[in-house]
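Student: Take a look at the following structure, please.
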Amino acid sequence: MSEDVRVDELSRRTSAEATEHFWPVEHLDALEFDPLLHRLLREEPVALVRMRFGDGHAWLVTRYQDIKEVTSDPRFSRALTVDRPVTSMTPHVVAPAGGIGRTDPPDHTRLRRLLAQTFNRKRIALLKVETEAIAERLVGELLAQEPPADLTEYVTGPMPEQVIGKLLGVPESDLGRLQAWRGVILSSDHSLEESNAVKAEIAGYFRALADRRLTDPGDDLFSELSLAQAEGALSRPELISLAVMIVLNALDQVRQQCSTMVYTLLTHPEQLARLRAEPELLPTAIEELLRFIPQRNGVGLPRIATEDVEVGDVLIRAGEAVYVSYLAANRDPEVFTEPDRFELARDESPNLAFGHGAHYCLGAALTRMQAEVILSTLLRRAPDLRLAIAPEEVRWRRGSINRGPETLPLAW
Ligand code: HEM
């Protein structure tokens with residue numbers, strides 16, 4: 001038995017034998033899928049890559065099943081990425097050190113538990129009622145314009161802003177500042193100094209808000225977390241980085257994702273017609289949109305192997321860095337038939353758009369809820385909704401982590 005294991009280990013590639021691929025993470029428009037990811041998924045599902053910033057190389061895992069294994073294997077650590085300049089697409093690490101994304105158990109488990117208590121289904125269900133009212137108002141304002149009007153200006157920009165404002169108890173007058181900070185931090189086009197300065201500002205903002213909430217608590221997530229911090233359940237830096245993570249993700253991802261969902265439906269008219277005819281398909285359609293849309297450029301945070309681990313045909317050595325691409329997993333031909341086709345009523349394996357394992361996205365329910373509310377309100381109130389310009393004229397964001405249209409001019 002031990003001999004078998006040895007032979008097996010010997011037949012696996014290590015980083016010494018693998019070819020290093022340079023991954024420039026170039027700008028992609030619309031729904032274009034990264035060509036390197038597409039190729040590696042089919043030809044070299046565990047590959048060695050180097051990106052523009054950081055040091056050395058890292059493994060990149062692209063298959064659905066391999067990714068599920070890596071992301072649920074405790075031998076891959078996030079905490080070990082702190083202070084380690086793993087090769088990366090941005091000059092700075094977006095997630096703060098000590099932030100939830102860069103912790104391991106027991107710290108990670110403690111933070112997730114705390115959030116599970118406050119950021120729960122009940123809170124999302126309550127928020128849904130308010131979100132519906134916000135969507136009615138915002139879609140009403142859009143439709144009151146002389147077409148064309150921009151969906152991001154009237155609906156997909158302001159909606160997540162107002163929803164997260166309610167969830168976190170951020171006063172409306174401060175939301176503009178948060179949006180400006182988001183623009184700098186979630187981009188790959190700013191210098192390390194610029195993004196560090198903005199990170200310090202946003203952290204200062206939440207420190208002051210935490211102090212205010214202790215004496216003047218509201219019925220919101222941040223007040224509850226501030227109270228938990230005062231009771232010692234989490235540290236001040238943990239509280240601040242949680243708030244920053246939540247706010248940045250909530251502002252950016254929901255806006256980009258919901259705008260791109262509308263673009264995808266409007267550029268697949270036969271699928272849109274089916275959804276209009278069978279509105280009960282909406283939850284399934286949202287899952288397919290999540291699977292099909294390449295939400296981001298490049299990859300998220302890496303993990304570091306704490307011991308030698310076999311993944312696919314590769315032996316990842318202790319200390320090596322590993323990325324997983326959930327985008328690639330969502331296009332795995334072994335899991336999804338004709339993976340590059342958008343098929344609204346597809347009912348196959350769950351998509352991995354929100355990740356997998358212990359670091360599964362905390363905002364998944366909030367995002368799904370907002371997508372459902374935006375799409376159902378638009379479909380109901382604008383039966384002849386269409387792009388006001390040719391699809392190829394839509395301008396797409398450049399130099400950002402999350403992908404999406406700059407603006408989405410609509411007519412109805
Ligand atoms: C389309 C929208 C979104 C997508 C596609 C998305 C995707 C993801 C992915 C792939 C991960 C990482 C999984 C991993 O590290 O293995 C993640 C983590 C996370 N997301 Fe999201 N997300 C979205 C929206 C949101 C929103 C709205 C929030 C907050 C309100 C949020 C908060 C977080 C947090 C805090 C984590 C870190 C969790 C942890 O490390 O335990 N996300 N998300």
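Just so we're on the same page: first chain in the structure tokens is A, next is B, and so on; residues restart at 1 for each chain, and ligands are numbered from 1 in the order they show up.
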Set the cut-off to 6 Å, count only C-alpha atoms and all ligand atoms, and list whatever residues fall near ligand 1 as a list in words.

Tutor: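 The residues within 6 Å of ligand 1, counting only C-alpha atoms and all ligand atoms, are Ile100, Gly101, Met245, Ile246, Asn249, Ala250, Gln253, Val254, Gln257, Ala353, Phe354, Gly355, His356, His359, Tyr360, Cys361, Leu362, Gly363, Ala364, Leu366 and Thr367 of chain A.
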
Student: To test your reading of the structure, identify every residue in stretch 58-221 of chain A that backbone DSSP assigns to alpha helix (DSSP H), and report it as a VMD selection string.

Tutor: chain A and resid 64 to 71 107 to 118 121 to 143 151 158 to 168 175 to 185 192 to 215 221

Student: Save out the residues we just selected, C-alpha atoms, as an mmCIF file, in the first residue's frame.

Tutor:
data_model
loop_
_atom_site.group_PDB
_atom_site.id
_atom_site.type_symbol
_atom_site.label_atom_id
_atom_site.label_comp_id
_atom_site.auth_asym_id
_atom_site.auth_seq_id
_atom_site.Cartn_x
_atom_site.Cartn_y
_atom_site.Cartn_z
ATOM 1 C CA TYR A 64 -15.291 22.128 -10.640
ATOM 2 C CA GLN A 65 -14.539 18.973 -8.653
ATOM 3 C CA ASP A 66 -10.917 19.889 -7.884
ATOM 4 C CA ILE A 67 -12.057 23.331 -6.704
ATOM 5 C CA LYS A 68 -14.641 21.838 -4.386
ATOM 6 C CA GLU A 69 -11.905 19.685 -2.897
ATOM 7 C CA VAL A 70 -9.344 22.475 -2.480
ATOM 8 C CA THR A 71 -11.847 24.881 -0.932
ATOM 9 C CA ASP A 107 -10.771 32.833 14.198
ATOM 10 C CA HIS A 108 -12.610 32.312 10.945
ATOM 11 C CA THR A 109 -15.214 30.060 12.555
ATOM 12 C CA ARG A 110 -15.795 32.605 15.336
ATOM 13 C CA LEU A 111 -16.310 35.473 12.866
ATOM 14 C CA ARG A 112 -18.588 33.425 10.603
ATOM 15 C CA ARG A 113 -20.700 32.379 13.607
ATOM 16 C CA LEU A 114 -21.080 35.951 14.730
ATOM 17 C CA LEU A 115 -22.157 37.006 11.283
ATOM 18 C CA ALA A 116 -24.500 34.064 10.891
ATOM 19 C CA GLN A 117 -26.339 35.338 13.977
ATOM 20 C CA THR A 118 -26.764 38.846 12.613
ATOM 21 C CA ARG A 121 -32.260 34.845 6.596
ATOM 22 C CA LYS A 122 -34.665 36.676 8.860
ATOM 23 C CA ARG A 123 -32.809 39.933 8.351
ATOM 24 C CA ILE A 124 -32.691 39.399 4.583
ATOM 25 C CA ALA A 125 -36.419 38.586 4.523
ATOM 26 C CA LEU A 126 -37.179 41.823 6.382
ATOM 27 C CA LEU A 127 -34.876 43.708 4.078
ATOM 28 C CA LYS A 128 -36.656 42.245 1.056
ATOM 29 C CA VAL A 129 -39.813 44.200 1.835
ATOM 30 C CA GLU A 130 -37.826 47.438 1.954
ATOM 31 C CA THR A 131 -35.865 46.463 -1.146
ATOM 32 C CA GLU A 132 -39.099 45.955 -3.072
ATOM 33 C CA ALA A 133 -40.241 49.442 -2.117
ATOM 34 C CA ILE A 134 -36.856 50.895 -3.127
ATOM 35 C CA ALA A 135 -36.995 49.046 -6.483
ATOM 36 C CA GLU A 136 -40.533 50.285 -7.216
ATOM 37 C CA ARG A 137 -39.407 53.846 -6.616
ATOM 38 C CA LEU A 138 -36.145 53.594 -8.556
ATOM 39 C CA VAL A 139 -37.630 51.744 -11.539
ATOM 40 C CA GLY A 140 -40.460 54.315 -11.495
ATOM 41 C CA GLU A 141 -37.875 57.101 -11.717
ATOM 42 C CA LEU A 142 -36.120 55.324 -14.588
ATOM 43 C CA LEU A 143 -39.358 54.903 -16.524
ATOM 44 C CA LEU A 151 -29.956 51.547 -15.661
ATOM 45 C CA PRO A 158 -28.504 53.503 -6.073
ATOM 46 C CA MET A 159 -30.327 50.321 -5.074
ATOM 47 C CA PRO A 160 -27.444 48.399 -3.429
ATOM 48 C CA GLU A 161 -26.330 51.671 -1.891
ATOM 49 C CA GLN A 162 -29.674 52.189 -0.194
ATOM 50 C CA VAL A 163 -30.027 48.548 0.764
ATOM 51 C CA ILE A 164 -26.584 48.311 2.358
ATOM 52 C CA GLY A 165 -27.195 51.663 4.037
ATOM 53 C CA LYS A 166 -30.243 50.132 5.723
ATOM 54 C CA LEU A 167 -28.499 46.871 6.536
ATOM 55 C CA LEU A 168 -25.485 48.532 8.122
ATOM 56 C CA LEU A 175 -23.217 56.859 1.007
ATOM 57 C CA GLY A 176 -21.545 59.043 -1.664
ATOM 58 C CA ARG A 177 -18.252 58.945 0.232
ATOM 59 C CA LEU A 178 -18.382 55.162 0.470
ATOM 60 C CA GLN A 179 -18.955 54.945 -3.295
ATOM 61 C CA ALA A 180 -15.894 57.132 -3.966
ATOM 62 C CA TRP A 181 -13.706 54.957 -1.734
ATOM 63 C CA ARG A 182 -15.035 51.831 -3.429
ATOM 64 C CA GLY A 183 -13.931 53.233 -6.815
ATOM 65 C CA VAL A 184 -10.298 53.435 -5.680
ATOM 66 C CA ILE A 185 -9.994 50.251 -3.652
ATOM 67 C CA LEU A 192 -0.354 51.142 -3.553
ATOM 68 C CA GLU A 193 -0.097 54.532 -1.780
ATOM 69 C CA GLU A 194 -3.460 55.726 -3.093
ATOM 70 C CA SER A 195 -5.286 52.584 -2.107
ATOM 71 C CA ASN A 196 -3.621 52.503 1.328
ATOM 72 C CA ALA A 197 -4.679 56.098 1.972
ATOM 73 C CA VAL A 198 -8.266 55.336 1.011
ATOM 74 C CA LYS A 199 -8.292 52.156 3.119
ATOM 75 C CA ALA A 200 -7.171 54.241 6.109
ATOM 76 C CA GLU A 201 -9.992 56.744 5.472
ATOM 77 C CA ILE A 202 -12.708 54.123 5.204
ATOM 78 C CA ALA A 203 -11.404 52.369 8.342
ATOM 79 C CA GLY A 204 -11.473 55.713 10.196
ATOM 80 C CA TYR A 205 -15.048 56.255 9.058
ATOM 81 C CA PHE A 206 -16.207 52.910 10.500
ATOM 82 C CA ARG A 207 -14.260 53.408 13.744
ATOM 83 C CA ALA A 208 -16.131 56.662 14.319
ATOM 84 C CA LEU A 209 -19.448 55.039 13.380
ATOM 85 C CA ALA A 210 -18.782 52.152 15.812
ATOM 86 C CA ASP A 211 -18.222 54.673 18.628
ATOM 87 C CA ARG A 212 -21.490 56.413 17.804
ATOM 88 C CA ARG A 213 -23.418 53.142 17.629
ATOM 89 C CA LEU A 214 -22.305 52.122 21.107
ATOM 90 C CA THR A 215 -24.058 55.112 22.644
ATOM 91 C CA LEU A 221 -26.142 44.835 11.522
#

Student: Considering only C-alpha atoms, state which residue in the set A:Pro279, A:Gly169, A:Gly298, A:Gly218 is at the smallest distance from A:Trp23.

Tutor: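 Distance minimum relative to A:Trp23 lands on A:Gly298.
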
Student: Would you compute the distance between atom CA of A:Val324 and atom CA of A:Leu37? Give it in Å to one decimal.

Tutor: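 Taking atom CA of A:Val324 and atom CA of A:Leu37, their separation equals 10.7 Å.
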
Student: Do a neighbour search on A:Thr90 at 10 Å with only C-alpha atoms, toss out local chain neighbours closer than 6 positions, and write the hits as number ranges by chain.

Tutor: A: 51-54, 186-192, 298, 399-401

Student: Just the number, please: distance in Å from atom CA of A:Pro147 to atom CA of A:Ser259, one decimal.

Tutor: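 Distance between the two atoms: 17.2 Å.
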
Student: So which one's closest to A:Pro283, A:Thr156, A:Thr87, A:Thr62, A:Ser376? Using only C-alpha atoms, please.

Tutor: A:Ser376

Student: Residues near stretch 39-41 of chain A, anyone? I mean within 7 Å using only C-alpha atoms, not counting same-chain ones fewer than 3 positions away, as an MDAnalysis selection string.

Tutor: chainID A and resid 35:36 44:45 62:63 328

Student: Output all heavy atoms for every residue in that selection, as a PDB file, in the first residue's frame.

Tutor:
ATOM      1  N   PRO A  35      -9.660  33.782 -22.218  1.00  0.00           N
ATOM      2  CA  PRO A  35      -9.205  32.668 -23.059  1.00  0.00           C
ATOM      3  C   PRO A  35      -8.231  31.734 -22.350  1.00  0.00           C
ATOM      4  O   PRO A  35      -8.239  30.524 -22.604  1.00  0.00           O
ATOM      5  CB  PRO A  35      -8.534  33.352 -24.258  1.00  0.00           C
ATOM      6  CG  PRO A  35      -8.394  34.788 -23.900  1.00  0.00           C
ATOM      7  CD  PRO A  35      -9.325  35.099 -22.775  1.00  0.00           C
ATOM      8  N   LEU A  36      -7.427  32.273 -21.445  1.00  0.00           N
ATOM      9  CA  LEU A  36      -6.475  31.384 -20.752  1.00  0.00           C
ATOM     10  C   LEU A  36      -7.235  30.418 -19.827  1.00  0.00           C
ATOM     11  O   LEU A  36      -6.934  29.221 -19.774  1.00  0.00           O
ATOM     12  CB  LEU A  36      -5.435  32.184 -19.964  1.00  0.00           C
ATOM     13  CG  LEU A  36      -4.379  31.303 -19.287  1.00  0.00           C
ATOM     14  CD1 LEU A  36      -3.490  30.595 -20.313  1.00  0.00           C
ATOM     15  CD2 LEU A  36      -3.510  32.095 -18.325  1.00  0.00           C
ATOM     16  N   GLU A  44      -5.046  21.858 -19.018  1.00  0.00           N
ATOM     17  CA  GLU A  44      -4.118  21.751 -17.889  1.00  0.00           C
ATOM     18  C   GLU A  44      -4.834  22.251 -16.632  1.00  0.00           C
ATOM     19  O   GLU A  44      -4.572  23.359 -16.163  1.00  0.00           O
ATOM     20  CB  GLU A  44      -2.878  22.625 -18.199  1.00  0.00           C
ATOM     21  CG  GLU A  44      -1.645  22.183 -17.473  1.00  0.00           C
ATOM     22  CD  GLU A  44      -0.462  23.106 -17.772  1.00  0.00           C
ATOM     23  OE1 GLU A  44      -0.405  23.695 -18.874  1.00  0.00           O
ATOM     24  OE2 GLU A  44       0.380  23.240 -16.884  1.00  0.00           O
ATOM     25  N   PRO A  45      -5.751  21.452 -16.116  1.00  0.00           N
ATOM     26  CA  PRO A  45      -6.659  21.946 -15.074  1.00  0.00           C
ATOM     27  C   PRO A  45      -5.995  22.340 -13.755  1.00  0.00           C
ATOM     28  O   PRO A  45      -6.627  23.032 -12.945  1.00  0.00           O
ATOM     29  CB  PRO A  45      -7.660  20.808 -14.880  1.00  0.00           C
ATOM     30  CG  PRO A  45      -7.056  19.627 -15.533  1.00  0.00           C
ATOM     31  CD  PRO A  45      -6.088  20.093 -16.563  1.00  0.00           C
ATOM     32  N   THR A  62      -8.768  24.892 -11.990  1.00  0.00           N
ATOM     33  CA  THR A  62      -9.914  25.362 -12.784  1.00  0.00           C
ATOM     34  C   THR A  62     -11.100  24.385 -12.849  1.00  0.00           C
ATOM     35  O   THR A  62     -12.182  24.785 -13.249  1.00  0.00           O
ATOM     36  CB  THR A  62      -9.467  25.678 -14.232  1.00  0.00           C
ATOM     37  OG1 THR A  62      -8.618  24.637 -14.696  1.00  0.00           O
ATOM     38  CG2 THR A  62      -8.724  27.005 -14.292  1.00  0.00           C
ATOM     39  N   ARG A  63     -10.905  23.109 -12.467  1.00  0.00           N
ATOM     40  CA  ARG A  63     -12.034  22.179 -12.589  1.00  0.00           C
ATOM     41  C   ARG A  63     -12.957  22.232 -11.383  1.00  0.00           C
ATOM     42  O   ARG A  63     -12.500  22.331 -10.232  1.00  0.00           O
ATOM     43  CB  ARG A  63     -11.527  20.744 -12.722  1.00  0.00           C
ATOM     44  CG  ARG A  63     -11.221  20.417 -14.129  1.00  0.00           C
ATOM     45  CD  ARG A  63     -11.118  18.904 -14.307  1.00  0.00           C
ATOM     46  NE  ARG A  63     -10.646  18.638 -15.648  1.00  0.00           N
ATOM     47  CZ  ARG A  63      -9.914  17.597 -15.983  1.00  0.00           C
ATOM     48  NH1 ARG A  63      -9.577  16.702 -15.079  1.00  0.00           N
ATOM     49  NH2 ARG A  63      -9.546  17.435 -17.229  1.00  0.00           N
ATOM     50  N   ALA A 328     -14.086  29.514 -13.911  1.00  0.00           N
ATOM     51  CA  ALA A 328     -13.780  28.356 -14.751  1.00  0.00           C
ATOM     52  C   ALA A 328     -14.642  27.168 -14.322  1.00  0.00           C
ATOM     53  O   ALA A 328     -15.204  26.460 -15.164  1.00  0.00           O
ATOM     54  CB  ALA A 328     -12.296  28.020 -14.655  1.00  0.00           C
TER      55      ALA A 328
END

Student: Using only C-alpha atoms, pick whichever of A:Arg386, A:Ile316, A:Glu310, A:Asn402 has the shortest atom-to-atom distance to A:Leu251.

Tutor: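 Looking only at the distances to A:Leu251, the closest residue turns out to be A:Asn402.
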